[in-house]
Amino acid sequence: MATASLAGKWNYPTSIRFGPGRLSELPDACRELGMQRPLLVTDAGLAKLPVVANAVALCKAAGLDIAVFSDVRPNPVEANVTAGVEAYRGGRCDGVIAFGGGSALDIGKAIGLMVGQSRPIWDFEDKEDWYTRVNVAGMAPVIAVPTTAGTGSEVGRCSVLTDQRDHTKKLIFHPRLLPAIVIDDPEVTVGLPPHITAAVGMDALSHNLEAYCAPAYHPMADGIALEGMRLIKEWLPVAVKDGSNIEARAHMMIASTMGATAFQKGLGAMHSLSHPCGANLDTHHGLTNGVVMPYVLAFNRPAIEDKLARLAAYLQLPQPSGNAVIEWVLELRKAIGIPHTLAELGVKPEHAARFSSMAEADPSTGSNPRPVAARDFEKLYRSAIEGRLP
Ligand SMILES: [Fe+2]
């Protein structure tokens, strides 16, 4: 390896309070960041569940003047951020508790950013040095409490937002979008039904796997990703089968946080294929990644056979080979009920051409281990729609 490539600009994740029951430390975390009037941002479904009521009660009991904002849709859009900024200002809030799955976490982070900006949010897209346009002093402090184990957005420096003008998912980036404090409490994931546990678990796997396969030099990310995948191999089927198994929930939660820590290195074509499906058809992000995973692995295999062999050895698969990794993914998907085709998610052959140019332009495409153009994406879409694994 040439010396020049042994270089990188790396960040490490944030302050994480990990473990069952740690949600009780939410008021303490608010105080640590100087919050008296936090805005808890969550989605409408979660807002009705006891877990949110508990968090609110905890904060109230500690004397915090907490407000709740829950106008967050799956595959969120700019209007969700705008409404949240209004709620923040209306409540004279002084910080954000982003509480939920990927959508709520991303919107909470985006609200924390936008309360202090005068430019439109699209001016902060993850392009060149656009993040330097941010008025950092205006940003609100953010605490993240993930309630699914998949997205890892609690340790991410981006918010993913669907741009309704062109129906693409865009990344809003700033290093300070990384929440100041994360509370990783596996007990809050106990109520997730098996099919959601499976789908978000596949998102966590896709993050670790795509980060590990991405070509940049980042041994720290690679090490984290390998162990993240081992945890998923051992514990995702257990968490799907028995949602009340706290040990399984804990290992899945850290594997999710690890996935997003690792993907500072980059993602790849699984996410490129998945994003247009989510932005246009509202397919579930993790589920879509899980469906496309073996097709992308098979496509990338010529470029990553050595890496996959090392992964297979670490996972103690029957053979140290790329084929063994693909076989394992297929078995895992079957065991936890992930469909084999995109057709089962409502993606049709007529979508393939239009989505393929969106996939090519997706920010994840640049770090795929094999160069991948629109025509390759079209073939991948068609294979995944029809269930034809090369
Ligand atoms: Fe993802």
# chains A, B, ... in the order shown; residues from 1 in each chain; ligands from 1
$ residues_around --residues "region 85-95 of chain A" --least-positions-apart "4" --cutoff "8 Å" --atoms "only C-alpha atoms" --output "list of chain:residue names"
A:Gly34, A:Met35, A:Gln36, A:Arg37, A:Pro38, A:Leu39, A:Ala67, A:Phe69, A:Val81, A:Ile111, A:Gly112, A:Met114, A:Val115, A:Ala140, A:Pro141, A:Val142
$ write_last_selection --atoms "N, CA and C atoms" --output "compact mmCIF listing (two decimals), in the first residue's frame"
# COMPACT_ATOMS: atom_id res chain seq x y z
N GLY A 34 -26.84 21.91 29.93
CA GLY A 34 -27.44 23.21 30.24
C GLY A 34 -28.87 23.38 29.77
N MET A 35 -29.59 22.26 29.57
CA MET A 35 -30.98 22.36 29.10
C MET A 35 -31.93 22.46 30.29
N GLN A 36 -32.82 23.44 30.21
CA GLN A 36 -33.91 23.58 31.18
C GLN A 36 -35.26 23.29 30.51
N ARG A 37 -35.32 23.63 29.20
CA ARG A 37 -36.58 23.49 28.45
C ARG A 37 -36.33 22.68 27.17
N PRO A 38 -36.07 21.38 27.33
CA PRO A 38 -35.77 20.58 26.14
C PRO A 38 -37.01 20.33 25.27
N LEU A 39 -36.78 20.23 23.97
CA LEU A 39 -37.83 19.78 23.04
C LEU A 39 -37.54 18.33 22.71
N ALA A 67 -41.10 19.89 26.34
CA ALA A 67 -42.18 19.90 25.34
C ALA A 67 -41.93 18.74 24.37
N PHE A 69 -42.48 17.27 20.41
CA PHE A 69 -42.82 17.51 19.00
C PHE A 69 -42.81 16.16 18.29
N VAL A 81 -38.87 19.42 9.59
CA VAL A 81 -37.84 20.23 10.26
C VAL A 81 -38.39 21.62 10.54
N ILE A 111 -33.34 19.75 13.51
CA ILE A 111 -33.97 20.88 14.22
C ILE A 111 -32.90 21.60 15.05
N GLY A 112 -32.07 20.81 15.74
CA GLY A 112 -30.99 21.40 16.53
C GLY A 112 -30.06 22.26 15.69
N MET A 114 -31.06 23.73 12.63
CA MET A 114 -31.76 24.80 11.92
C MET A 114 -32.29 25.92 12.82
N VAL A 115 -32.37 25.66 14.13
CA VAL A 115 -32.84 26.74 15.00
C VAL A 115 -31.88 27.92 15.00
N ALA A 140 -28.31 24.15 18.58
CA ALA A 140 -28.77 23.74 19.91
C ALA A 140 -28.06 22.45 20.31
N PRO A 141 -27.84 22.26 21.62
CA PRO A 141 -27.29 20.97 22.05
C PRO A 141 -28.31 19.85 21.85
N VAL A 142 -27.82 18.66 21.51
CA VAL A 142 -28.71 17.53 21.22
C VAL A 142 -28.29 16.30 22.01
$ closest_atom_pairs --of "chain A" --to "ligand 1" --cutoff "10 Å" --atoms "only C-alpha atoms and all ligand atoms" --output "Markdown table"
| residue | atom | partner | partner_atom_place_in_ligand_line | distance |
| --- | --- | --- | --- | --- |
| A:Gly102 | CA | ligand 1 | 1 (Fe) | 8.6 |
| A:Gly150 | CA | ligand 1 | 1 (Fe) | 7.5 |
| A:Thr151 | CA | ligand 1 | 1 (Fe) | 5.6 |
| A:Gly152 | CA | ligand 1 | 1 (Fe) | 8.1 |
| A:Ser153 | CA | ligand 1 | 1 (Fe) | 8.7 |
| A:Val160 | CA | ligand 1 | 1 (Fe) | 9.5 |
| A:Val200 | CA | ligand 1 | 1 (Fe) | 8.6 |
| A:Met202 | CA | ligand 1 | 1 (Fe) | 8.7 |
| A:Asp203 | CA | ligand 1 | 1 (Fe) | 5.0 |
| A:Ala204 | CA | ligand 1 | 1 (Fe) | 7.0 |
| A:Leu205 | CA | ligand 1 | 1 (Fe) | 8.9 |
| A:Ser206 | CA | ligand 1 | 1 (Fe) | 6.7 |
| A:His207 | CA | ligand 1 | 1 (Fe) | 6.0 |
| A:Asn208 | CA | ligand 1 | 1 (Fe) | 9.7 |
| A:Glu210 | CA | ligand 1 | 1 (Fe) | 9.7 |
| A:Ser256 | CA | ligand 1 | 1 (Fe) | 9.9 |
| A:Gly259 | CA | ligand 1 | 1 (Fe) | 9.0 |
| A:Ala260 | CA | ligand 1 | 1 (Fe) | 8.3 |
| A:Phe263 | CA | ligand 1 | 1 (Fe) | 9.5 |
| A:Leu267 | CA | ligand 1 | 1 (Fe) | 8.6 |
| A:Met270 | CA | ligand 1 | 1 (Fe) | 8.7 |
| A:His271 | CA | ligand 1 | 1 (Fe) | 6.4 |
| A:Ser272 | CA | ligand 1 | 1 (Fe) | 9.9 |
| A:Ser274 | CA | ligand 1 | 1 (Fe) | 8.6 |
| A:His275 | CA | ligand 1 | 1 (Fe) | 8.9 |
| A:His285 | CA | ligand 1 | 1 (Fe) | 6.5 |
| A:Gly286 | CA | ligand 1 | 1 (Fe) | 6.2 |
| A:Leu287 | CA | ligand 1 | 1 (Fe) | 9.7 |
| A:Thr288 | CA | ligand 1 | 1 (Fe) | 9.4 |
| A:Asn289 | CA | ligand 1 | 1 (Fe) | 7.3 |
| A:Gly290 | CA | ligand 1 | 1 (Fe) | 10.0 |
$ write_last_selection --atoms "C-alpha atoms" --output "compact mmCIF listing (two decimals), in the first residue's frame"
# COMPACT_ATOMS: atom_id res chain seq x y z
CA GLY A 102 -33.74 6.96 12.35
CA GLY A 150 -30.37 -0.18 13.33
CA THR A 151 -29.92 3.33 12.09
CA GLY A 152 -27.05 4.34 14.36
CA SER A 153 -28.00 7.95 13.65
CA VAL A 160 -31.02 12.09 5.83
CA VAL A 200 -33.61 -2.35 11.51
CA MET A 202 -30.44 -5.46 8.61
CA ASP A 203 -29.78 -1.70 8.45
CA ALA A 204 -27.15 -2.12 11.19
CA LEU A 205 -25.66 -5.04 9.28
CA SER A 206 -25.59 -3.05 6.04
CA HIS A 207 -23.75 -0.19 7.79
CA ASN A 208 -21.07 -2.44 9.25
CA GLU A 210 -20.67 -1.50 3.61
CA SER A 256 -26.11 -0.46 15.53
CA GLY A 259 -22.29 0.45 12.33
CA ALA A 260 -22.78 4.19 12.17
CA PHE A 263 -19.61 4.25 8.25
CA LEU A 267 -21.24 3.26 2.62
CA MET A 270 -26.80 -1.12 -0.87
CA HIS A 271 -27.67 2.35 0.35
CA SER A 272 -27.55 3.80 -3.16
CA SER A 274 -32.26 1.64 -1.15
CA HIS A 275 -32.54 5.43 -1.01
CA HIS A 285 -34.96 1.68 4.80
CA GLY A 286 -33.50 -1.25 6.72
CA LEU A 287 -35.78 -3.77 5.04
CA THR A 288 -34.79 -2.47 1.61
CA ASN A 289 -31.09 -2.71 2.49
CA GLY A 290 -31.66 -6.26 3.68
$ closest_residue --among "A:Arg73, A:Arg354, A:Lys348, A:Lys169" --to "Glu386 (chain A)" --atoms "only C-alpha atoms"
A:Lys348
$ residues_around --residues "region 58-60 of chain A" --least-positions-apart "2" --cutoff "12 Å" --atoms "only C-alpha atoms" --output "VMD selection string"
chain A and resid 22 to 31 35 to 40 50 to 56 62 to 68 97
$ write_last_selection --atoms "N, CA and C atoms" --output "short mmCIF file (atom, residue, chain, number, x, y, z; two decimals), in the first residue's frame"
data_model
loop_
_atom_site.label_atom_id
_atom_site.label_comp_id
_atom_site.auth_asym_id
_atom_site.auth_seq_id
_atom_site.Cartn_x
_atom_site.Cartn_y
_atom_site.Cartn_z
N ARG A 22 -30.47 2.97 31.58
CA ARG A 22 -29.77 4.26 31.56
C ARG A 22 -30.66 5.42 31.14
N LEU A 23 -31.87 5.12 30.62
CA LEU A 23 -32.78 6.21 30.27
C LEU A 23 -33.07 7.09 31.49
N SER A 24 -32.96 6.50 32.68
CA SER A 24 -33.21 7.27 33.90
C SER A 24 -32.22 8.44 34.03
N GLU A 25 -31.13 8.40 33.28
CA GLU A 25 -30.13 9.47 33.35
C GLU A 25 -30.43 10.62 32.39
N LEU A 26 -31.60 10.56 31.74
CA LEU A 26 -31.94 11.62 30.77
C LEU A 26 -31.93 13.02 31.40
N PRO A 27 -32.58 13.22 32.56
CA PRO A 27 -32.54 14.56 33.15
C PRO A 27 -31.12 15.02 33.47
N ASP A 28 -30.31 14.07 33.92
CA ASP A 28 -28.92 14.38 34.24
C ASP A 28 -28.17 14.83 32.98
N ALA A 29 -28.44 14.14 31.87
CA ALA A 29 -27.81 14.51 30.60
C ALA A 29 -28.26 15.91 30.16
N CYS A 30 -29.55 16.21 30.37
CA CYS A 30 -30.06 17.55 30.03
C CYS A 30 -29.29 18.61 30.83
N ARG A 31 -29.15 18.36 32.10
CA ARG A 31 -28.46 19.34 32.96
C ARG A 31 -27.01 19.51 32.53
N MET A 35 -29.59 22.26 29.57
CA MET A 35 -30.98 22.36 29.10
C MET A 35 -31.93 22.46 30.29
N GLN A 36 -32.82 23.44 30.21
CA GLN A 36 -33.91 23.58 31.18
C GLN A 36 -35.26 23.29 30.51
N ARG A 37 -35.32 23.63 29.20
CA ARG A 37 -36.58 23.49 28.45
C ARG A 37 -36.33 22.68 27.17
N PRO A 38 -36.07 21.38 27.33
CA PRO A 38 -35.77 20.58 26.14
C PRO A 38 -37.01 20.33 25.27
N LEU A 39 -36.78 20.23 23.97
CA LEU A 39 -37.83 19.78 23.04
C LEU A 39 -37.54 18.33 22.71
N LEU A 40 -38.45 17.44 23.11
CA LEU A 40 -38.28 16.02 22.78
C LEU A 40 -38.90 15.79 21.40
N PRO A 50 -45.83 4.20 25.96
CA PRO A 50 -45.38 4.52 27.33
C PRO A 50 -43.93 4.98 27.40
N VAL A 51 -43.10 4.52 26.46
CA VAL A 51 -41.68 4.87 26.56
C VAL A 51 -41.46 6.39 26.48
N VAL A 52 -42.25 7.06 25.65
CA VAL A 52 -42.14 8.52 25.57
C VAL A 52 -42.75 9.17 26.82
N ALA A 53 -43.90 8.64 27.25
CA ALA A 53 -44.51 9.17 28.47
C ALA A 53 -43.55 9.04 29.65
N ASN A 54 -42.83 7.92 29.71
CA ASN A 54 -41.85 7.72 30.80
C ASN A 54 -40.74 8.75 30.74
N ALA A 55 -40.24 8.98 29.54
CA ALA A 55 -39.13 9.95 29.39
C ALA A 55 -39.60 11.35 29.79
N VAL A 56 -40.81 11.69 29.37
CA VAL A 56 -41.35 13.01 29.71
C VAL A 56 -41.54 13.13 31.22
N ALA A 62 -37.83 15.87 37.37
CA ALA A 62 -36.55 16.51 37.67
C ALA A 62 -36.63 18.03 37.53
N GLY A 63 -37.84 18.54 37.28
CA GLY A 63 -38.02 20.00 37.22
C GLY A 63 -37.74 20.61 35.86
N LEU A 64 -37.66 19.77 34.83
CA LEU A 64 -37.41 20.31 33.49
C LEU A 64 -38.74 20.63 32.81
N ASP A 65 -38.75 21.72 32.06
CA ASP A 65 -39.97 22.15 31.38
C ASP A 65 -39.92 21.58 29.96
N ILE A 66 -40.32 20.32 29.82
CA ILE A 66 -40.12 19.60 28.55
C ILE A 66 -41.34 19.72 27.65
N ALA A 67 -41.10 19.89 26.34
CA ALA A 67 -42.18 19.90 25.34
C ALA A 67 -41.93 18.74 24.37
N VAL A 68 -43.01 18.28 23.73
CA VAL A 68 -42.88 17.16 22.79
C VAL A 68 -43.30 17.61 21.40
N ILE A 97 -33.97 16.75 22.58
CA ILE A 97 -33.81 15.33 22.86
C ILE A 97 -34.37 14.60 21.64
#
$ closest_residue --among "A:Leu317, A:Ala255, A:Ile385, A:Leu273" --to "Ser357 (chain A)" --atoms "only C-alpha atoms"
A:Leu273
$ residues_around --residues "region 337-345 of chain A" --least-positions-apart "6" --cutoff "10 Å" --atoms "only C-alpha atoms" --output "ChimeraX atom specification"
/A:194-195,198-199,202,240,274,277,281-284,286-295,330-331,381-389
